[in-house]
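Comments concern the structure below.
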Amino acid sequence: MNVPKLLGLLLLAATALFAGMHFQSRPADSATSSPKTPPQTLQRLLQLRLPDAQGQEVSLAQWQGRTLVVNFWATWCPPCKEEMPAFSRLQRQWQERGVQFVGIAVDSAQNVRRFAAASPVSYPLLVGGNGIQELTRELGNQALGLPFTLVIRADGQVHAMKLGGLREAELDSLLQAAVSPPGPP
C-alpha cells in the first residue's frame, strides 16, 4: 500500500475514533428538556398511521391526550435493544398514569416480527422503514442516529428528546416531570 493511501486511511480512522469518543463523552447522556420542535412536524408525527409487524395499521392519534414516549429504533442497533427491557418495565409501571410507549422501527416488518418473537415488549412496535428517518431529522435528530426518543406530554408538547440510549432512572425522572401537573405560576 502506498504512503498517501495509508495516511488517508489513518486520518479516516482517527476521525471516526474522535467522533465516537465525542458522542460517547458529550452530555448526550442526558435528554434535552423542553426542546423546540416545530408544531407542524410534531403534528405530522402524531398523525402517522404505520403498520405493526403483522401489517395491521396503527394510528398514533389514538393516544392523543396521553403522555407518549416515541422511540425510534432498529433491530441491528445494540443500544436500541439494550434499552427495550427498561422501556417495557416503565410502560407497565406508568400505564395507569396515562403513559404510552411506542417503538417505531427504522427497519423492515420481517426483522421487527423476528425481533418481537424472540424479545417481546409490553408496548406496540410499529414499522417506519427507512423513510421515517427524514421525519426524525425534522424532529431534532440531525445526526440521524439511533436510538432516538421523544417524550411528548399529554398537552401535545415535546417535554424531552434524547439521541442515544436512555437509562431507566433517567426516563423515569423525565416521566415524573412530564406527567406531573405544572406548579402554580
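Chain labels follow the order of the C-alpha cells: the first chain is A, the next B, and so on; residue numbering restarts at 1 in every chain, and ligands are counted from 1 in their shown order.
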
Sorted by chain and rising residue number, list the residues of segment 51-140 of chain A at most 9 Å from segment 165-174 of chain A (counting only C-alpha atoms), each with its closest atom pair and distance in Å to one decimal, as a Markdown table.
| residue | atom | partner | partner_atom | distance |
| --- | --- | --- | --- | --- |
| A:Pro79 | CA | A:Gly165 | CA | 5.6 |
| A:Cys80 | CA | A:Gly165 | CA | 6.6 |
| A:Glu82 | CA | A:Gly165 | CA | 7.9 |
| A:Glu83 | CA | A:Gly165 | CA | 6.4 |
| A:Ala86 | CA | A:Glu168 | CA | 5.6 |
| A:Phe87 | CA | A:Glu168 | CA | 7.3 |
| A:Arg89 | CA | A:Glu168 | CA | 8.8 |
| A:Leu90 | CA | A:Asp172 | CA | 7.2 |
| A:Trp94 | CA | A:Asp172 | CA | 8.9 |

Using only C-alpha atoms, determine which residues lie at most 9 Å from Val99 of chain A, disregarding the query and same-chain residues fewer than 6 positions distant; provide the list as a list in words.
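Near Val99 of chain A, the qualifying residues are Trp63, Arg66, Thr67, Leu68, Val69, Gln91, Arg153, Ala154, Leu175 and Val179 of chain A.
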
Would you mind exporting N, CA and C atoms of the selected residues as a compact mmCIF listing (two decimals), in the first residue's frame?
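Final output, saved to out.txt:
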# COMPACT_ATOMS: atom_id res chain seq x y z
N TRP A 63 -53.58 7.77 20.79
CA TRP A 63 -53.03 8.04 22.12
C TRP A 63 -53.01 9.54 22.43
N ARG A 66 -52.57 11.49 25.99
CA ARG A 66 -51.72 10.70 26.89
C ARG A 66 -50.29 11.21 26.76
N THR A 67 -49.48 10.94 27.76
CA THR A 67 -48.05 11.19 27.64
C THR A 67 -47.50 10.08 26.76
N LEU A 68 -46.78 10.46 25.72
CA LEU A 68 -46.33 9.50 24.73
C LEU A 68 -44.80 9.45 24.70
N VAL A 69 -44.25 8.25 24.80
CA VAL A 69 -42.81 8.04 24.65
C VAL A 69 -42.64 7.35 23.30
N GLN A 91 -43.32 1.02 30.84
CA GLN A 91 -44.67 1.02 30.26
C GLN A 91 -45.65 0.42 31.25
N ARG A 153 -45.68 15.34 26.16
CA ARG A 153 -46.68 15.49 27.23
C ARG A 153 -48.10 15.31 26.69
N ALA A 154 -49.02 15.11 27.60
CA ALA A 154 -50.42 14.91 27.24
C ALA A 154 -50.99 16.12 26.50
N LEU A 175 -40.40 11.09 32.97
CA LEU A 175 -41.84 10.82 33.02
C LEU A 175 -42.49 11.47 34.23
N VAL A 179 -45.52 14.03 33.48
CA VAL A 179 -46.87 13.65 33.88
C VAL A 179 -47.40 14.54 34.99

So that I can check the surroundings of Gln43 of chain A, please list as a list of chain:residue names every protein, DNA and RNA residue that reaches within 12 Å of it, counting only C-alpha atoms and ignoring chain neighbours fewer than 5 positions away.
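Everything that qualifies: A:Thr37, A:Pro38, A:Leu48, A:Leu60, A:Ala61, A:Gln64, A:Leu135, A:Glu138, A:Leu139, A:Ile152, A:Gly156, A:Gln157, A:Val158.
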
Could you tell me, as a PyMOL selection string, which residues of segment 15-155 of chain A DSSP assigns to strand (DSSP E) when given the backbone?
chain A and resi 32-33+49-51+57-59+67-73+99-105+125-127+148-152

Extract, using only C-alpha atoms, all DNA, RNA and protein residues at most 10 Å from Asp52 of chain A, discarding same-chain residues fewer than 5 positions from it, and format them as a list in words.
Glu57, Val58, Gly103, Ile104, Ala105, Ala109, Val112, Arg113, Pro124, Leu125, Leu126, Val127 and Gly128 of chain A

Okay, now the selection with N, CA and C atoms, as a compact mmCIF listing (two decimals), in the first residue's frame?
# COMPACT_ATOMS: atom_id res chain seq x y z
N GLU A 57 -52.51 -1.68 10.50
CA GLU A 57 -52.24 -0.25 10.58
C GLU A 57 -52.62 0.30 11.96
N VAL A 58 -51.73 1.10 12.51
CA VAL A 58 -51.94 1.69 13.84
C VAL A 58 -51.76 3.20 13.72
N GLY A 103 -42.69 2.03 19.92
CA GLY A 103 -41.42 1.88 19.21
C GLY A 103 -41.68 1.96 17.72
N ILE A 104 -40.95 2.84 17.04
CA ILE A 104 -41.06 2.95 15.58
C ILE A 104 -39.73 2.49 14.99
N ALA A 105 -39.78 1.37 14.29
CA ALA A 105 -38.57 0.76 13.75
C ALA A 105 -38.15 1.38 12.43
N ALA A 109 -40.52 -4.94 8.30
CA ALA A 109 -41.53 -5.66 9.08
C ALA A 109 -41.03 -7.05 9.44
N VAL A 112 -38.63 -6.82 12.35
CA VAL A 112 -39.35 -6.47 13.58
C VAL A 112 -40.13 -7.68 14.08
N ARG A 113 -40.76 -8.41 13.17
CA ARG A 113 -41.51 -9.61 13.54
C ARG A 113 -40.59 -10.63 14.22
N PRO A 124 -46.45 -1.29 21.78
CA PRO A 124 -46.52 -1.54 20.34
C PRO A 124 -45.21 -1.23 19.62
N LEU A 125 -44.86 -2.10 18.68
CA LEU A 125 -43.73 -1.88 17.78
C LEU A 125 -44.29 -1.66 16.38
N LEU A 126 -44.04 -0.49 15.84
CA LEU A 126 -44.53 -0.14 14.52
C LEU A 126 -43.36 -0.10 13.54
N VAL A 127 -43.67 -0.21 12.26
CA VAL A 127 -42.63 -0.25 11.22
C VAL A 127 -42.67 1.06 10.44
N GLY A 128 -41.60 1.84 10.59
CA GLY A 128 -41.48 3.10 9.85
C GLY A 128 -40.61 2.94 8.61

Would you mind telling me which residue in A:Gly65, A:Gly145, A:Gly98, A:Gly55 lies nearest to Gln110 of chain A when using only C-alpha atoms?
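Closest to Gln110 of chain A of all the choices is A:Gly55.
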
By how many Å are atom CA of Gln93 of chain A and atom CA of Tyr123 of chain A apart?
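So the two atoms, atom CA of Gln93 of chain A and atom CA of Tyr123 of chain A, lie 12.0 Å apart.
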
Given the choices A:Met84, A:Val102, A:Leu144, A:Leu50, which gets closest to Ser119 of chain A if the distance is worked out from only C-alpha atoms?
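Smallest separation from Ser119 of chain A among the options: A:Met84.
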
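Take the candidates A:Ala31, A:Cys77, A:Val70, A:Ala177 and check each one against Ala160 of chain A using only C-alpha atoms; the shortest distance goes to A:Ala31.
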
Could you state the separation of atom CA of Leu45 of chain A and atom CA of Lys81 of chain A in Å, given to one decimal place?
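Between atom CA of Leu45 of chain A and atom CA of Lys81 of chain A the gap works out to 22.4 Å.
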
Residue set, segment 47-156 of chain A restricted to helix (DSSP H, G or I), as a VMD selection string:
chain A and resid 60 to 63 78 to 97 109 to 118 130 to 139

Written selection (C-alpha atoms) as a PDB file, in the first residue's frame:
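The file below, selection00.pdb, is the result:
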ATOM      1  CA  LEU A  60     -50.557   7.364  16.803  1.00  0.00           C
ATOM      2  CA  ALA A  61     -53.556   9.723  17.122  1.00  0.00           C
ATOM      3  CA  GLN A  62     -55.313   7.043  19.222  1.00  0.00           C
ATOM      4  CA  TRP A  63     -53.031   8.041  22.117  1.00  0.00           C
ATOM      5  CA  PRO A  78     -27.356  -2.682  20.091  1.00  0.00           C
ATOM      6  CA  PRO A  79     -28.190   0.375  22.284  1.00  0.00           C
ATOM      7  CA  CYS A  80     -31.775   0.241  20.979  1.00  0.00           C
ATOM      8  CA  LYS A  81     -32.186  -3.359  22.060  1.00  0.00           C
ATOM      9  CA  GLU A  82     -30.476  -2.732  25.413  1.00  0.00           C
ATOM     10  CA  GLU A  83     -32.996  -0.102  26.499  1.00  0.00           C
ATOM     11  CA  MET A  84     -36.130  -2.015  25.485  1.00  0.00           C
ATOM     12  CA  PRO A  85     -36.492  -4.169  28.638  1.00  0.00           C
ATOM     13  CA  ALA A  86     -36.435  -0.974  30.742  1.00  0.00           C
ATOM     14  CA  PHE A  87     -38.997   0.610  28.414  1.00  0.00           C
ATOM     15  CA  SER A  88     -41.234  -2.440  28.911  1.00  0.00           C
ATOM     16  CA  ARG A  89     -40.954  -2.150  32.703  1.00  0.00           C
ATOM     17  CA  LEU A  90     -41.687   1.574  32.598  1.00  0.00           C
ATOM     18  CA  GLN A  91     -44.666   1.021  30.256  1.00  0.00           C
ATOM     19  CA  ARG A  92     -46.206  -1.355  32.810  1.00  0.00           C
ATOM     20  CA  GLN A  93     -45.341   0.972  35.706  1.00  0.00           C
ATOM     21  CA  TRP A  94     -46.687   4.170  34.092  1.00  0.00           C
ATOM     22  CA  GLN A  95     -49.650   2.964  32.003  1.00  0.00           C
ATOM     23  CA  GLU A  96     -52.165   3.664  34.794  1.00  0.00           C
ATOM     24  CA  ARG A  97     -50.943   7.289  34.832  1.00  0.00           C
ATOM     25  CA  ALA A 109     -41.527  -5.659   9.082  1.00  0.00           C
ATOM     26  CA  GLN A 110     -39.842  -9.056   8.763  1.00  0.00           C
ATOM     27  CA  ASN A 111     -36.953  -8.014  11.036  1.00  0.00           C
ATOM     28  CA  VAL A 112     -39.348  -6.473  13.576  1.00  0.00           C
ATOM     29  CA  ARG A 113     -41.511  -9.607  13.545  1.00  0.00           C
ATOM     30  CA  ARG A 114     -38.462 -11.804  14.230  1.00  0.00           C
ATOM     31  CA  PHE A 115     -37.228  -9.489  16.965  1.00  0.00           C
ATOM     32  CA  ALA A 116     -40.632  -9.300  18.689  1.00  0.00           C
ATOM     33  CA  ALA A 117     -40.945 -13.101  18.643  1.00  0.00           C
ATOM     34  CA  ALA A 118     -37.549 -13.502  20.318  1.00  0.00           C
ATOM     35  CA  ASN A 130     -36.033   3.865   6.211  1.00  0.00           C
ATOM     36  CA  GLY A 131     -38.494   6.533   5.071  1.00  0.00           C
ATOM     37  CA  ILE A 132     -39.113   7.625   8.669  1.00  0.00           C
ATOM     38  CA  GLN A 133     -35.570   8.964   9.050  1.00  0.00           C
ATOM     39  CA  GLU A 134     -36.299  12.345   7.445  1.00  0.00           C
ATOM     40  CA  LEU A 135     -39.080  12.909   9.984  1.00  0.00           C
ATOM     41  CA  THR A 136     -36.656  12.132  12.824  1.00  0.00           C
ATOM     42  CA  ARG A 137     -34.290  14.775  11.417  1.00  0.00           C
ATOM     43  CA  GLU A 138     -37.112  17.330  11.390  1.00  0.00           C
ATOM     44  CA  LEU A 139     -37.934  16.345  14.986  1.00  0.00           C
TER      45      LEU A 139
END

So what do you get for atom CA of Gly140 of chain A versus atom CA of Met161 of chain A, distance-wise?
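The value is 8.0 Å.
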